[in-house]
Structures are given as C-alpha cells and as structure tokens.
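Enquirer: Quick one, protein.txt (compact mmCIF, C-alpha atoms and all ligand atoms):
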# COMPACT_ATOMS: atom_id res chain seq x y z
CA MET A 82 6.20 152.30 131.88
CA GLY A 83 5.96 153.33 135.50
CA LEU A 84 4.94 152.33 138.96
CA ASP A 85 2.80 155.38 139.65
CA LYS A 86 1.67 154.34 143.11
CA LEU A 87 5.28 154.40 144.27
CA ARG A 88 5.98 158.05 143.49
CA THR A 89 7.46 159.57 146.63
CA THR A 90 8.30 163.09 147.63
CA LEU A 91 10.79 163.79 150.39
CA LYS A 92 10.20 167.31 151.63
CA ASN A 93 11.69 169.73 154.12
CA LYS A 94 10.52 173.34 153.94
CA GLU A 95 11.30 174.56 150.42
CA HIS A 96 13.58 171.62 149.57
CA ILE A 97 12.00 168.72 147.74
CA LEU A 98 13.33 165.46 146.34
CA GLU A 99 10.97 163.70 143.93
CA LEU A 100 11.57 159.96 143.64
CA LYS A 101 9.99 157.66 141.03
CA THR A 102 9.97 154.97 143.72
CA PRO A 103 11.13 155.05 147.36
CA ILE A 104 13.88 152.51 146.60
CA ILE A 105 17.41 153.85 146.20
CA GLY A 106 20.61 151.95 145.41
CA ALA A 107 22.97 152.46 148.38
CA SER A 108 26.27 154.25 148.01
CA GLY A 109 29.25 152.07 147.25
CA THR A 110 27.26 149.26 145.70
CA TYR A 111 26.60 150.76 142.24
CA GLY A 112 29.79 152.67 141.50
CA TYR A 113 28.73 155.66 139.40
CA ASN A 114 25.90 153.68 137.84
CA ASP A 115 27.38 153.63 134.32
CA GLU A 116 28.86 150.18 135.08
CA PHE A 117 25.41 148.67 135.59
CA GLU A 118 23.19 150.32 133.02
CA ASP A 119 23.42 147.45 130.51
CA PHE A 120 21.82 144.90 132.80
CA VAL A 121 19.89 146.81 135.45
CA ASP A 122 16.66 148.69 134.74
CA PHE A 123 17.19 152.03 136.48
CA ASN A 124 13.68 153.20 135.55
CA TYR A 125 12.30 151.64 138.70
CA PHE A 126 14.95 152.97 141.04
CA GLY A 127 14.05 156.10 142.98
CA ALA A 128 17.70 157.05 142.57
CA ILE A 129 21.17 155.69 143.00
CA SER A 130 23.54 157.08 145.56
CA THR A 131 26.98 157.27 143.94
CA LYS A 132 30.16 155.84 145.41
CA GLY A 133 31.45 158.26 148.08
CA MET A 134 33.15 161.15 146.30
CA THR A 135 36.17 162.98 147.68
CA LEU A 136 37.95 166.10 146.46
CA GLU A 137 40.94 164.15 145.17
CA LYS A 138 40.95 160.74 143.53
CA ARG A 139 41.47 157.90 146.05
CA LEU A 140 42.80 154.43 145.38
CA GLY A 141 41.30 152.97 148.54
CA ASN A 142 42.85 150.37 150.84
CA ASP A 143 45.38 147.71 149.84
CA GLY A 144 44.79 144.05 150.46
CA GLU A 145 41.56 142.18 150.92
CA ARG A 146 38.60 144.56 150.87
CA ILE A 147 35.55 142.32 151.03
CA PHE A 148 34.99 139.47 153.46
CA GLU A 149 31.84 137.37 153.61
CA VAL A 150 30.43 136.66 157.06
CA GLN A 151 27.28 134.95 158.26
CA GLY A 152 24.32 137.08 157.21
CA GLY A 153 26.37 139.78 155.55
CA MET A 154 29.76 141.10 154.59
CA ILE A 155 32.59 143.23 155.90
CA ASN A 156 34.14 145.79 153.58
CA ARG A 157 37.21 147.96 153.90
CA ILE A 158 37.18 149.61 150.48
CA GLY A 159 38.56 152.87 151.87
CA LEU A 160 36.53 155.22 149.66
CA GLU A 161 38.15 154.43 146.34
CA ASN A 162 36.77 156.97 143.87
CA VAL A 163 37.68 159.04 140.83
CA GLY A 164 37.57 162.40 142.64
CA ILE A 165 35.00 165.14 142.12
CA GLU A 166 36.75 166.76 139.14
CA ALA A 167 36.77 163.55 137.08
CA PHE A 168 33.22 162.82 138.21
CA VAL A 169 32.00 166.15 136.88
CA LYS A 170 33.94 165.75 133.63
CA GLU A 171 33.38 162.08 132.84
CA LYS A 172 30.51 160.62 134.85
CA LEU A 173 28.06 163.49 135.28
CA PRO A 174 27.43 164.04 131.53
CA VAL A 175 26.59 160.33 131.15
CA LEU A 176 24.18 160.37 134.10
CA LYS A 177 22.54 163.54 132.84
CA SER A 178 22.26 162.42 129.22
CA LYS A 179 20.76 159.07 130.25
CA LYS A 180 18.48 160.79 132.76
CA ILE A 181 19.59 158.49 135.58
CA ASP A 182 18.39 159.93 138.90
CA PHE A 183 21.24 159.99 141.37
CA ILE A 184 22.32 161.36 144.71
CA LEU A 185 25.95 162.43 145.03
CA ASN A 186 27.46 160.79 148.12
CA ILE A 187 30.35 162.92 149.42
CA ALA A 188 33.14 162.46 151.98
CA GLY A 189 36.19 164.38 153.15
CA ASN A 190 39.08 164.73 155.56
CA THR A 191 38.25 168.30 156.58
CA ILE A 192 35.22 170.58 156.68
CA GLU A 193 36.85 172.51 153.85
CA ASP A 194 36.82 169.35 151.67
CA TYR A 195 33.09 168.86 152.24
CA LYS A 196 32.41 172.55 151.55
CA GLN A 197 34.32 172.49 148.28
CA ILE A 198 32.53 169.39 147.00
CA ALA A 199 29.16 170.82 148.06
CA HIS A 200 30.04 174.01 146.18
CA ILE A 201 30.88 172.02 143.05
CA ALA A 202 27.60 170.10 143.40
CA GLN A 203 25.75 173.42 143.59
CA GLN A 204 27.54 174.79 140.52
CA ASN A 205 26.66 171.67 138.55
CA ASP A 206 23.01 171.68 139.51
CA ILE A 207 23.19 168.33 141.29
CA LYS A 208 19.74 167.80 142.80
CA ALA A 209 20.68 165.92 145.97
CA ILE A 210 23.79 165.18 147.99
CA GLU A 211 24.31 162.66 150.77
CA VAL A 212 26.99 163.70 153.22
CA ASN A 213 28.83 160.62 154.42
CA VAL A 214 30.06 161.31 157.94
CA SER A 215 29.96 157.67 158.80
CA CYS A 216 32.62 155.72 156.88
CA PRO A 217 34.56 153.47 159.27
CA ASN A 218 37.19 152.52 156.68
CA VAL A 219 39.36 155.62 156.40
CA LYS A 220 42.04 156.88 158.78
CA THR A 221 41.06 160.56 158.98
CA GLY A 222 37.95 162.69 158.57
CA CYS A 223 34.52 161.27 157.81
CA LEU A 224 33.55 159.32 160.93
CA GLU A 225 35.43 161.80 163.14
CA PHE A 226 32.74 164.38 162.30
CA GLY A 227 29.97 161.87 162.42
CA LEU A 228 30.23 160.84 166.04
CA ASN A 229 30.26 164.23 167.68
CA SER A 230 27.07 166.28 167.68
CA GLU A 231 28.84 169.66 167.79
CA GLY A 232 31.18 168.70 164.95
CA LEU A 233 28.29 167.36 162.96
CA PHE A 234 26.22 170.50 163.52
CA GLY A 235 29.14 172.67 162.33
CA LEU A 236 29.86 170.53 159.29
CA THR A 237 26.21 170.36 158.20
CA LYS A 238 25.81 174.10 158.63
CA GLU A 239 28.87 174.83 156.48
CA VAL A 240 27.72 172.42 153.76
CA ARG A 241 24.24 173.99 153.87
CA LYS A 242 25.76 177.42 153.17
CA GLU A 243 27.38 176.11 149.99
CA TYR A 244 24.54 173.96 148.74
CA ASP A 245 20.90 174.78 148.14
CA GLY A 246 19.69 171.43 146.78
CA PHE A 247 18.30 168.50 148.79
CA LEU A 248 20.80 167.87 151.60
CA ILE A 249 20.90 164.40 153.18
CA VAL A 250 23.27 163.53 156.02
CA LYS A 251 24.14 159.86 156.47
CA LEU A 252 24.59 158.76 160.06
CA SER A 253 26.72 156.09 161.63
CA PRO A 254 25.31 153.39 163.90
CA ASN A 255 28.64 153.29 165.75
CA THR A 256 27.42 155.64 168.45
CA SER A 257 25.81 155.45 171.86
CA ASP A 258 23.15 158.11 171.16
CA ILE A 259 22.08 158.57 167.56
CA LYS A 260 19.23 160.91 168.63
CA LEU A 261 21.74 163.62 169.55
CA LEU A 262 23.41 163.35 166.15
CA ALA A 263 20.10 163.38 164.31
CA LYS A 264 18.91 166.47 166.16
CA ALA A 265 22.19 168.28 165.42
CA VAL A 266 21.83 167.53 161.73
CA GLU A 267 18.20 168.71 161.62
CA ASP A 268 19.01 171.88 163.57
CA ALA A 269 21.84 172.68 161.17
CA GLY A 270 19.47 172.64 158.18
CA ALA A 271 19.69 169.16 156.63
CA ASP A 272 16.63 168.10 154.63
CA ALA A 273 16.77 164.39 155.41
CA ILE A 274 18.78 161.79 157.28
CA SER A 275 19.91 158.50 155.84
CA ALA A 276 20.78 155.69 158.22
CA VAL A 277 22.61 153.51 158.72
CA ASN A 278 26.09 153.21 157.37
CA THR A 279 28.03 150.05 158.20
CA LEU A 280 28.77 148.87 161.73
CA ARG A 281 32.33 148.24 162.84
CA GLY A 282 33.07 144.54 162.51
CA LEU A 283 35.81 141.93 162.45
CA GLY A 284 35.62 138.84 160.30
CA ILE A 285 37.95 135.96 161.18
CA LYS A 286 38.37 132.72 159.28
CA ILE A 287 40.44 129.94 160.83
CA ASP A 288 41.45 126.90 158.76
CA PHE A 289 43.25 123.80 160.01
CA ASP A 290 45.24 121.54 157.68
CA GLY A 291 45.73 118.70 160.18
CA GLU A 292 48.90 120.25 161.62
CA LYS A 293 48.67 123.98 161.67
CA PHE A 294 45.99 126.71 161.96
CA TYR A 295 45.76 129.44 159.32
CA LYS A 296 44.08 132.73 159.96
CA LYS A 297 42.54 135.26 157.61
CA SER A 298 40.85 138.35 159.01
CA VAL A 299 39.36 141.65 157.87
CA LYS A 300 38.34 144.59 160.02
CA GLY A 301 35.89 147.03 158.45
CA GLY A 302 32.25 147.91 157.97
CA LEU A 303 29.64 145.21 158.52
CA SER A 304 26.51 145.27 156.34
CA GLY A 305 23.70 143.01 155.15
CA PRO A 306 20.78 141.19 156.84
CA CYS A 307 22.77 140.64 160.06
CA ILE A 308 22.65 144.39 160.83
CA LYS A 309 18.92 144.88 160.19
CA PRO A 310 17.78 144.84 163.85
CA VAL A 311 20.43 147.45 164.70
CA ALA A 312 19.43 149.58 161.70
CA LEU A 313 15.74 149.39 162.63
CA TYR A 314 16.57 150.42 166.18
CA MET A 315 18.57 153.40 164.92
CA VAL A 316 15.83 154.50 162.49
CA GLU A 317 13.24 154.39 165.26
CA GLU A 318 15.51 156.39 167.55
CA ILE A 319 16.05 159.01 164.83
CA ARG A 320 12.31 159.17 164.14
CA SER A 321 11.68 159.95 167.80
CA ALA A 322 14.13 162.88 167.65
CA VAL A 323 13.48 164.67 164.32
CA ASN A 324 10.72 165.61 161.87
CA ILE A 325 12.68 165.55 158.61
CA PRO A 326 12.40 162.53 156.27
CA ILE A 327 14.46 159.42 156.95
CA ILE A 328 15.95 157.14 154.31
CA GLY A 329 16.36 153.81 156.08
CA MET A 330 18.85 151.10 155.21
CA GLY A 331 20.71 148.15 156.65
CA GLY A 332 20.06 144.60 155.53
CA ILE A 333 17.07 145.20 153.28
CA SER A 334 16.52 142.35 150.82
CA LYS A 335 12.81 141.48 151.00
CA LEU A 336 9.41 143.18 150.76
CA VAL A 337 8.70 142.72 154.47
CA ASP A 338 11.98 144.48 155.29
CA LEU A 339 10.52 147.59 153.64
CA PHE A 340 7.45 147.33 155.86
CA GLU A 341 9.62 146.98 158.95
CA PHE A 342 11.63 150.08 158.03
CA ILE A 343 8.41 152.04 157.39
CA SER A 344 7.14 150.95 160.79
CA ALA A 345 10.35 152.20 162.42
CA GLY A 346 9.93 155.58 160.71
CA ALA A 347 11.56 155.42 157.27
CA ASP A 348 10.10 157.39 154.32
CA ALA A 349 12.33 155.82 151.67
CA PHE A 350 14.95 153.06 151.54
CA GLN A 351 18.42 152.25 150.32
CA ILE A 352 19.64 148.80 149.44
CA GLY A 353 23.33 147.92 149.48
CA THR A 354 24.67 144.46 150.21
CA ALA A 355 21.70 142.64 148.63
CA ASN A 356 22.87 144.00 145.25
CA PHE A 357 25.87 141.69 145.45
CA ILE A 358 23.49 138.73 145.30
CA ASN A 359 20.98 140.24 142.87
CA PRO A 360 21.99 143.46 141.06
CA SER A 361 18.33 143.96 140.12
CA ILE A 362 17.08 143.78 143.71
CA CYS A 363 16.04 147.46 143.73
CA SER A 364 13.81 147.19 140.68
CA ASP A 365 12.58 143.72 141.74
CA LEU A 366 11.47 145.10 145.12
CA ALA A 367 9.88 148.13 143.48
CA TYR A 368 7.80 145.78 141.29
CA GLU A 369 6.89 143.63 144.29
CA LEU A 370 5.88 146.64 146.35
CA ASP A 371 3.78 148.01 143.51
CA ASP A 372 2.14 144.63 142.99
CA PHE A 373 1.33 144.38 146.71
CA MET A 374 -0.22 147.85 146.67
CA VAL A 375 -2.30 147.19 143.54
CA LYS A 376 -3.59 143.85 144.83
CA ASN A 377 -4.47 145.30 148.21
CA ASN A 378 -5.98 148.55 146.89
CA PHE A 379 -3.56 151.03 148.38
CA LYS A 380 -3.99 154.41 146.72
CA ASP A 381 -0.39 155.54 147.13
CA PHE A 382 2.78 155.11 149.17
CA GLU A 383 1.65 157.66 151.76
CA GLU A 384 -1.44 155.56 152.51
CA LEU A 385 0.67 152.41 152.81
CA LYS A 386 3.01 154.14 155.29
CA ARG A 387 0.09 155.41 157.34
CA LYS A 388 -1.57 151.99 157.54
CA ILE A 389 1.66 150.23 158.51
CA ARG A 390 2.30 152.79 161.26
CA GLU A 391 -1.19 152.23 162.67
CA ALA A 392 -0.28 148.59 163.39
C1 LIG B 1 31.17 147.55 149.36
C2 LIG B 1 30.50 148.68 150.07
C3 LIG B 1 30.92 149.99 149.83
C4 LIG B 1 30.30 151.07 150.48
N1 LIG B 1 30.70 152.35 150.21
C5 LIG B 1 30.03 153.39 150.78
C6 LIG B 1 30.37 154.74 150.44
O1 LIG B 1 31.23 155.02 149.61
N2 LIG B 1 29.68 155.74 151.04
C7 LIG B 1 28.67 155.49 151.96
O2 LIG B 1 28.05 156.43 152.48
N3 LIG B 1 28.33 154.22 152.28
C8 LIG B 1 28.98 153.17 151.72
N4 LIG B 1 28.63 151.89 152.03
C9 LIG B 1 27.53 151.65 153.02
C10 LIG B 1 26.19 151.36 152.33
O3 LIG B 1 25.80 152.43 151.50
C11 LIG B 1 25.09 151.08 153.39
O4 LIG B 1 24.97 152.19 154.23
C12 LIG B 1 25.39 149.87 154.26
O5 LIG B 1 26.05 148.86 153.53
C13 LIG B 1 24.13 149.28 154.92
O6 LIG B 1 23.19 148.85 153.98
P1 LIG B 1 23.09 147.31 153.45
O7 LIG B 1 23.03 146.43 154.67
O8 LIG B 1 21.87 147.26 152.60
O9 LIG B 1 24.35 147.06 152.68
C14 LIG B 1 29.24 150.81 151.41
C15 LIG B 1 28.82 149.48 151.64
C16 LIG B 1 29.43 148.43 150.98
C17 LIG B 1 28.94 147.03 151.26
Take the structure I supplied and represent it as structure tokens, if you would.
Expert:
Amino acid sequence: MGLDKLRTTLKNKEHILELKTPIIGASGTYGYNDEFEDFVDFNYFGAISTKGMTLEKRLGNDGERIFEVQGGMINRIGLENVGIEAFVKEKLPVLKSKKIDFILNIAGNTIEDYKQIAHIAQQNDIKAIEVNVSCPNVKTGCLEFGLNSEGLFGLTKEVRKEYDGFLIVKLSPNTSDIKLLAKAVEDAGADAISAVNTLRGLGIKIDFDGEKFYKKSVKGGLSGPCIKPVALYMVEEIRSAVNIPIIGMGGISKLVDLFEFISAGADAFQIGTANFINPSICSDLAYELDDFMVKNNFKDFEELKRKIREA
C-alpha cells in the first residue's frame, strides 16, 4: 500500500514535515478525524488539519451556520471545538494509536492563548501546528492578528518560542497586501504558510410566495470553487515574497486544480469544501495524481512541480 511517487517533504532550515502525499484535509472539514475513519481511507492523505483548537471549549455560533451559494458555501461555525485539554485527553491518543497524520490547527483571542496552546503542542510532541490568524467568524482575536503585519510578526515570534515543531501560519485573503503578511510570518520564523482561509461573504436567498418576499441570509466565510481564482492570486503573491513552503487551498476539487496551485507556487494542498460533496476527495485525488504521474513517467512530485512551473 502506498503512493510512493507522492511522498513530499516540506522543509525550512532544520524543521521538516514529511507527508505521505501532498494532499491534506483542510481544517474544519474533518473534525478531529475520528468521525471519518470508518469510511475514509486516511492512508492516502498527507495529513489532516484538525478543527481549529482554542484554549477553552467553544460552542460556536447560534443559528444557521452553513449556507450554500453558487460555486461554494458560506460558513459561520464560529470555531466550535472541544478545547485543547479535552483534545489532548480524548482525541490525541486515538490519533496517535491509529497513526493518523495530523496538523493541529490553533486559534485564540490573545497572543497568550496562542502561546499556551503552542506550549501544550510542544509538550505533547505534536509534529506540526497551523496557526489560524484568519478566521472571519469570531468576534475577537484571530483575524485581528492576521491582517496586521506587525501583529502577525509578534504573534508568530511568540509561538515560535514555545514550539519547536513544524510551524505553519494560515493567512487570510481578506487583505489588500498579502505579501507583507507573508514576509512578516517568514521573518518571524514560521516554517510554511498555508493560504487561503475563507473570504468574507454574504449569502442572501429571497423567496416570493405570490404576495410577500421572504429573506434568509448568512454572513460568514466563503469557500469552494468560486474562490479559486482569488486563492491562486494570493498563492502567487505569497510565492513572490517568501522562500518557505506554501500549502495552497481554496476551491480545489479536481486534478487540474492541483496543477494550477503548483503553477502559482504551492508545494502541497489542502482540500476543504469539496469534502462536503465527496468525503473521499483527498484520497481520490491522491490516486488520480499518482496515476497521472505513473502514466506520464514522472519520477517524483518534485519533478512534476518543476515541469509544471516551466510552462
Ligand atoms: C465548515 C468550515 C469550517 C472551517 N473551519 C476552519 C477552522 O476551524 N480553522 C481554519 O483555519 N480554517 C477553517 N476553515 C477554512 C478551510 O480550512 C479552508 O481554508 C477554506 O475553506 C478554503 O478551502 P476550500 O475552498 O477547499 O474549502 C473552515 C471551512 C469550512 C468550509
């Protein structure tokens, strides 16, 4: 069992993240992974990024949280999660015993929150964390750090002090200059950047019953195929500003999407919204990518990236 051509190493100085394949399940779309293990083959996932973890348990937002729009969805989950203590006690042993590769996605209201979670990740030998500074669905923290290069530099530096594993910072597309943010993150010692998180969006549905109009609306984070051109733009901008690896995401659902993200500068991928249509999309795309590489005599993923970037 294995797709050997897809082995991928993300590397920055002495920090290395080995991935079985470059395809990672995006945060928020696989819970803590234990919910999916009965019907999804995790062997072909590079890893799964967990639901965003905060210091304390969060119940998330009330009311409607998911709203389908053309080409994607809007979510306003509000970072519902079990909290880091329960994660370490209940979820981590399952992930470790089943050898499921994962990245811990973390979020907070204050720098202190992020530091404490990073410290706990270090103590528990968690191999990689993804610092979410880009969630548009919470009232405080998170995105406040993510849209200001000085704040982001300071936050990343503090997290780096606490955590010596592979440190990924996840950027928001809701900014006028993502290059500045990317540079700040690299300068502060992050090992990789993941991009993008959701875009701010508003979904409105108007019905008419012959007499009266009825409105339903949800404001939150837009994701799915409709954001792909924005995500590609952001990845290319980041690539022009930094040398560390980039994990690209935003609307990936097909093999050619992977090629487009490689062309823009991505070294690995995350897939989110497409899981709601096909929970096996990550392993399906890993198979498809492997098959393409075998049929077309690519030696490894590095060679594929190089050839695509020559185009
Ligand atoms: C329902 C849902 C929940 C999400 N929760 C998180 C989260 O907890 N932390 C995070 O960093 N990103 C979260 N995201 C953002 C995704 O990880 C991803 O960045 C975004 O959806 C773009 O990729 P996609 O178009 O493939 O979905 C969430 C997205 C969705 C759709």
Enquirer: Within 12 Å of (11.9, 139.5, 152.6) in the file's own coordinates, which protein, DNA or RNA residues have an atom, counting only C-alpha atoms? List them as a count of residues only.
Expert: 19
Enquirer: Write out as a PyMOL selection string each polymer residue (protein, DNA or RNA) that has an atom no more than 6 Å from ligand LIG 1 (chain B), with all atoms listed in the file counted.
Expert: chain A and resi 107-110+132-133+156+160+213+277-279+304-305+330-333+352-354
Enquirer: Limited to C-alpha atoms, could you put the picked residues into a file as a short mmCIF file (atom, residue, chain, number, x, y, z; two decimals), in the coordinates of the input?
Expert:
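As written to disk, out35.cif reads:
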data_model
loop_
_atom_site.label_atom_id
_atom_site.label_comp_id
_atom_site.auth_asym_id
_atom_site.auth_seq_id
_atom_site.Cartn_x
_atom_site.Cartn_y
_atom_site.Cartn_z
CA ALA A 107 22.97 152.46 148.38
CA SER A 108 26.27 154.25 148.01
CA GLY A 109 29.25 152.07 147.25
CA THR A 110 27.26 149.26 145.70
CA LYS A 132 30.16 155.84 145.41
CA GLY A 133 31.45 158.26 148.08
CA ASN A 156 34.14 145.79 153.58
CA LEU A 160 36.53 155.22 149.66
CA ASN A 213 28.83 160.62 154.42
CA VAL A 277 22.61 153.51 158.72
CA ASN A 278 26.09 153.21 157.37
CA THR A 279 28.03 150.05 158.20
CA SER A 304 26.51 145.27 156.34
CA GLY A 305 23.70 143.01 155.15
CA MET A 330 18.85 151.10 155.21
CA GLY A 331 20.71 148.15 156.65
CA GLY A 332 20.06 144.60 155.53
CA ILE A 333 17.07 145.20 153.28
CA ILE A 352 19.64 148.80 149.44
CA GLY A 353 23.33 147.92 149.48
CA THR A 354 24.67 144.46 150.21
#
Enquirer: With all atoms listed in the file as the basis for distance, which of A:Ser253, A:Thr191, A:Asn114, A:Thr89 is at the shortest distance from Lys177 of chain A?
Expert: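 For Lys177 of chain A, the nearest of the given residues is A:Asn114.
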Enquirer: Show me the residues around (16.3, 167.2, 146.8) - criterion: an atom at most 8 Å away, only C-alpha atoms counted - as a short mmCIF file (atom, residue, chain, number, x, y, z; two decimals) with C-alpha atoms, in the coordinates of the input.
Expert:
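Saved to result_35.cif:
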data_model
loop_
_atom_site.label_atom_id
_atom_site.label_comp_id
_atom_site.auth_asym_id
_atom_site.auth_seq_id
_atom_site.Cartn_x
_atom_site.Cartn_y
_atom_site.Cartn_z
CA LEU A 91 10.79 163.79 150.39
CA LYS A 92 10.20 167.31 151.63
CA HIS A 96 13.58 171.62 149.57
CA ILE A 97 12.00 168.72 147.74
CA LEU A 98 13.33 165.46 146.34
CA GLU A 99 10.97 163.70 143.93
CA LYS A 208 19.74 167.80 142.80
CA ALA A 209 20.68 165.92 145.97
CA ILE A 210 23.79 165.18 147.99
CA GLY A 246 19.69 171.43 146.78
CA PHE A 247 18.30 168.50 148.79
CA LEU A 248 20.80 167.87 151.60
CA ASP A 272 16.63 168.10 154.63
#
Enquirer: With only C-alpha atoms counted and 10 Å as the cut-off, give the residues of segment 162-199 of chain A in contact with segment 225-229 of chain A, each with its shortest interatomic distance in Å and the pair that gives it, as a tab-separated table.
Expert:
residue	atom	partner	partner_atom	distance
A:Gly189	CA	A:Phe226	CA	9.8
A:Asn190	CA	A:Glu225	CA	8.9
A:Thr191	CA	A:Phe226	CA	8.9
A:Ile192	CA	A:Phe226	CA	8.7
Enquirer: For Glu267 of chain A, which residue among A:Asn255, A:Pro326, A:Gly232, A:Asn359 is the nearest when counting all atoms listed in the file?
Expert: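 Closest to Glu267 of chain A of all the choices is A:Pro326.
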